[in-house]
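One structure is given here, and the rest of the page talks about it.
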Amino acid sequence: MSKLLQINSSLFTDQGQSTQLADLFVKGYSEKHPGTEVNTLDLSSNPLPHLDGERFTAFITPAEERSDSQKAIVAESDKLIAELREASAVVFALPMYNFGIPSVLKSYIDHIARAGETFKYTENGPVGLVDDKPVYIFAARGGAYLGTDKDTQTGYMKTFLAFIGLTNVQFVYAEGLNMGEESKAESLKNAREQVAQLLK
Ligand SMILES: Cc1cc2nc3c(=O)[nH]c(=O)nc-3n(C[C@H](O)[C@H](O)[C@H](O)COP(=O)(O)O)c2cc1C
């Protein structure tokens with residue numbers, strides 16, 4: 001049975017353009033694979049704290065030496081990693097805010113990047129410890145940056161996901177959403193067509 005992990009980060013929650021595209025994909029995927037379980041994380045409504053010294057120290061303290069508060073911090077991270085491991089595919093709704101990924105998504109990433117859990121360092125460089133699985137990313141942007149240096153998201157997401165072992169990553173982009181109604185309508189239509197292609 002398929003298990004989808006859908007990770008949303010739009011500050012407009014369900015109404016975000018990235019969320020709506022991800023939802024469209026998840027609906028189609030669930031129809032194609034009856035019995036699919038969907039676990040949705042809304043990082044905007046339920047943000048994780050920033051990774052600070054206290055939290056990082058909890059991560060790197062040996063399990064038997066952790067205080068109760070450190071155990072609680074690690075348990076939160078362990079749960080996120082377990083959800084990632086259990087998923088047969090991962091879906092990210094990815095808005096662009098101020099030329100980057102949403103800060104709530106960065107906090108999520110900071111909580112799943114754990115040495116010895118999701119990656120390890122070796123003499124030949126880092127090795128991802130998460131079993132590879134398809135990742136689908138639905139990116140929404142006011143401007144149009146694909147193929148330019150201003151697309152700070154594509155390379156970053158691919159680099160981070162590969163670092164933990166996820167190399168099978170596909171993107172759907174809705175760009176130019178703040179460049180007039182015509183541009184927006186055209187872009188969303190195009191993105192929906194890309195979703196349909198992915199589901200074929
Ligand atoms: C706080 C904020 C910052 C934004 N910064 C950018 C930006 O740097 N570049 C851009 O192309 N669009 C920017 N936008 C437009 C969003 O990318 C656009 O609204 C997109 O639909 C966001 O995805 P969402 O609808 O899923 O939240 C910004 C929007 C907001 C609300």
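Identifiers in this document derive from the order of the structure tokens: chains are assigned A, B, ..., residues are numbered from 1 separately in each chain, and ligands are numbered from 1 in order of occurrence.
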
**Message:** Could you list, as a PyMOL selection string, all residues that come within 8 Å of ligand 1? Count only C-alpha atoms and all ligand atoms.
**Reply:** chain A and resi 9-13+15-20+93-100+139-145+174-178

**Request:** Within region 12-196 of chain A, find each residue whose DSSP state, derived from the backbone, is strand (DSSP E), and express the selection as a ChimeraX atom specification.
**Result:** /A:37-42,89-95,119-122,125-128,135-140,169-174

**Message:** Here is a test: counting only C-alpha atoms, which residue of A:Asn46, A:Leu166, A:Asp52, A:Ala113 is nearest to Ser77 (chain A)?
**Reply:** A:Ala113

**Message:** Which residue is closest to Ala89 (chain A)? Choose from A:Ile137, A:Val74, A:Leu5, A:Ala115 and count only C-alpha atoms.
**Reply:** A:Leu5

Long-range neighbours of Ala191 (chain A) as a PDB file with N, CA and C atoms, in the first residue's frame, 9 Å cut-off, only C-alpha atoms, 4 positions minimum in chain:
```pdb
ATOM      1  N   LEU A  21      -1.587  22.805  -5.952  1.00  0.00           N
ATOM      2  CA  LEU A  21      -0.991  21.909  -6.955  1.00  0.00           C
ATOM      3  C   LEU A  21      -0.613  20.566  -6.324  1.00  0.00           C
ATOM      4  N   PHE A 138       6.188  20.775  -5.872  1.00  0.00           N
ATOM      5  CA  PHE A 138       5.284  21.681  -6.572  1.00  0.00           C
ATOM      6  C   PHE A 138       5.630  23.106  -6.151  1.00  0.00           C
ATOM      7  N   VAL A 172       7.409  20.355 -10.515  1.00  0.00           N
ATOM      8  CA  VAL A 172       6.413  21.060 -11.336  1.00  0.00           C
ATOM      9  C   VAL A 172       6.470  22.513 -10.885  1.00  0.00           C
ATOM     10  N   TYR A 173       6.563  23.437 -11.851  1.00  0.00           N
ATOM     11  CA  TYR A 173       6.688  24.855 -11.503  1.00  0.00           C
ATOM     12  C   TYR A 173       5.460  25.641 -11.965  1.00  0.00           C
ATOM     13  N   ALA A 174       4.986  26.497 -11.078  1.00  0.00           N
ATOM     14  CA  ALA A 174       4.023  27.529 -11.484  1.00  0.00           C
ATOM     15  C   ALA A 174       4.731  28.856 -11.232  1.00  0.00           C
ATOM     16  N   GLU A 175       5.221  29.455 -12.311  1.00  0.00           N
ATOM     17  CA  GLU A 175       5.967  30.716 -12.176  1.00  0.00           C
ATOM     18  C   GLU A 175       5.133  31.870 -12.725  1.00  0.00           C
ATOM     19  N   GLU A 186      -2.196  31.262 -17.299  1.00  0.00           N
ATOM     20  CA  GLU A 186      -1.428  30.408 -18.217  1.00  0.00           C
ATOM     21  C   GLU A 186      -0.491  29.474 -17.442  1.00  0.00           C
ATOM     22  N   SER A 187       0.159  30.061 -16.442  1.00  0.00           N
ATOM     23  CA  SER A 187       1.119  29.289 -15.657  1.00  0.00           C
ATOM     24  C   SER A 187       0.431  28.173 -14.870  1.00  0.00           C
ATOM     25  N   VAL A 195       1.094  18.245 -13.819  1.00  0.00           N
ATOM     26  CA  VAL A 195       0.625  17.302 -12.785  1.00  0.00           C
ATOM     27  C   VAL A 195      -0.010  16.093 -13.464  1.00  0.00           C
ATOM     28  N   ALA A 196      -0.847  16.352 -14.453  1.00  0.00           N
ATOM     29  CA  ALA A 196      -1.519  15.254 -15.168  1.00  0.00           C
ATOM     30  C   ALA A 196      -0.481  14.338 -15.829  1.00  0.00           C
TER      31      ALA A 196
END
```

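Among the candidate residues A:Ser88, A:Gln194, A:Thr167, A:Gln153, the one lying nearest to Leu24 (chain A) is A:Gln194, with distances computed using only C-alpha atoms.
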
**Message:** Nearest residue to Lys133 (chain A) out of A:Gln197, A:Ser67, A:Ser44, A:Asn168, using only C-alpha atoms?
**Reply:**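 Of the candidates, the smallest distance to Lys133 (chain A) is held by A:Asn168.
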
**Prompt:** What is the distance between CA of Ala58 (chain A) and CA of Gln70 (chain A), in Å to one decimal?
**Reply:**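 Separation between CA of Ala58 (chain A) and CA of Gln70 (chain A): 4.8 Å.
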
**Prompt:** With only C-alpha atoms as the atoms that count, which of A:Glu37, A:Asp23, A:Glu83, A:Asp131 lies nearest to Ile112 (chain A)?
**Reply:**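 The answer is A:Glu83, which sits nearest to Ile112 (chain A).
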
**Item:** Exercise: Val26 (chain A) partners within 9 Å, only C-alpha atoms, chain neighbours under 4 positions left out, as an MDAnalysis selection string
**Value:** chainID A and resid 4 6 21:22 30:31 38 91

**Prompt:** Which is closer to His111 (chain A) than all the others in A:Pro134, A:Gly147, A:Pro49, A:Pro62, using only C-alpha atoms?
**Reply:** A:Pro49

**Item:** region 88-141 of chain A: residues DSSP assigns to alpha helix (DSSP H), reported as a PyMOL selection string
**Value:** chain A and resi 103-112

Can you write out the residues you just picked, keeping N, CA and C atoms, as an mmCIF file, in the first residue's frame?
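The result, written out as selection-v8.cif:
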```cif
data_model
loop_
_atom_site.group_PDB
_atom_site.id
_atom_site.type_symbol
_atom_site.label_atom_id
_atom_site.label_comp_id
_atom_site.auth_asym_id
_atom_site.auth_seq_id
_atom_site.Cartn_x
_atom_site.Cartn_y
_atom_site.Cartn_z
ATOM 1 N N SER A 103 10.813 29.737 5.574
ATOM 2 C CA SER A 103 11.629 29.445 6.761
ATOM 3 C C SER A 103 11.085 28.249 7.528
ATOM 4 N N VAL A 104 9.782 28.011 7.454
ATOM 5 C CA VAL A 104 9.228 26.844 8.159
ATOM 6 C C VAL A 104 9.710 25.538 7.523
ATOM 7 N N LEU A 105 9.931 25.572 6.215
ATOM 8 C CA LEU A 105 10.467 24.367 5.551
ATOM 9 C C LEU A 105 11.939 24.191 5.919
ATOM 10 N N LYS A 106 12.665 25.304 6.041
ATOM 11 C CA LYS A 106 14.081 25.193 6.466
ATOM 12 C C LYS A 106 14.153 24.593 7.863
ATOM 13 N N SER A 107 13.233 24.975 8.747
ATOM 14 C CA SER A 107 13.239 24.395 10.097
ATOM 15 C C SER A 107 12.969 22.891 10.034
ATOM 16 N N TYR A 108 12.048 22.488 9.159
ATOM 17 C CA TYR A 108 11.782 21.044 8.989
ATOM 18 C C TYR A 108 13.072 20.338 8.555
ATOM 19 N N ILE A 109 13.728 20.899 7.534
ATOM 20 C CA ILE A 109 14.967 20.297 7.023
ATOM 21 C C ILE A 109 16.005 20.209 8.144
ATOM 22 N N ASP A 110 16.097 21.264 8.942
ATOM 23 C CA ASP A 110 17.072 21.264 10.049
ATOM 24 C C ASP A 110 16.746 20.194 11.097
ATOM 25 N N HIS A 111 15.498 19.750 11.134
ATOM 26 C CA HIS A 111 15.110 18.717 12.108
ATOM 27 C C HIS A 111 15.211 17.299 11.563
ATOM 28 N N ILE A 112 15.361 17.163 10.247
ATOM 29 C CA ILE A 112 15.524 15.797 9.711
ATOM 30 C C ILE A 112 16.962 15.523 9.273
#
```

For Ile73 (chain A), work out the shell of residues within 9 Å, counting only C-alpha atoms and skipping chain neighbours fewer than 4 positions away, then give it as a PDB file with N, CA and C atoms, in the first residue's frame.
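The new file part24.pdb reads:
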```
ATOM      1  N   ARG A  55      18.782  22.803  20.788  1.00  0.00           N
ATOM      2  CA  ARG A  55      18.227  21.686  20.028  1.00  0.00           C
ATOM      3  C   ARG A  55      19.331  20.857  19.365  1.00  0.00           C
ATOM      4  N   ALA A  58      21.065  18.714  21.812  1.00  0.00           N
ATOM      5  CA  ALA A  58      20.251  17.525  22.136  1.00  0.00           C
ATOM      6  C   ALA A  58      20.489  16.430  21.092  1.00  0.00           C
ATOM      7  N   PHE A  59      20.540  16.824  19.824  1.00  0.00           N
ATOM      8  CA  PHE A  59      20.732  15.834  18.753  1.00  0.00           C
ATOM      9  C   PHE A  59      22.053  15.081  18.926  1.00  0.00           C
ATOM     10  N   ASP A  68      15.707  15.063  30.244  1.00  0.00           N
ATOM     11  CA  ASP A  68      14.321  14.886  29.794  1.00  0.00           C
ATOM     12  C   ASP A  68      13.956  15.875  28.694  1.00  0.00           C
ATOM     13  N   SER A  69      14.410  17.128  28.834  1.00  0.00           N
ATOM     14  CA  SER A  69      14.047  18.106  27.807  1.00  0.00           C
ATOM     15  C   SER A  69      14.769  17.778  26.492  1.00  0.00           C
ATOM     16  N   SER A  77      12.129  15.171  16.530  1.00  0.00           N
ATOM     17  CA  SER A  77      12.906  14.955  15.307  1.00  0.00           C
ATOM     18  C   SER A  77      12.790  13.495  14.843  1.00  0.00           C
ATOM     19  N   ASP A  78      12.870  12.566  15.796  1.00  0.00           N
ATOM     20  CA  ASP A  78      12.754  11.129  15.445  1.00  0.00           C
ATOM     21  C   ASP A  78      11.422  10.845  14.753  1.00  0.00           C
TER      22      ASP A  78
END
```

Residues of region 78-112 of chain A within 10 Å of region 118-123 of chain A: nearest atom pair and distance (Å, one decimal) for each, counting only C-alpha atoms, sorted by chain and number, as CSV?
```
residue,atom,partner,partner_atom,distance
A:Ile81,CA,A:Thr118,CA,7.7
A:Leu84,CA,A:Thr118,CA,9.9
A:Arg85,CA,A:Thr118,CA,9.4
A:Ile112,CA,A:Thr118,CA,7.0
```
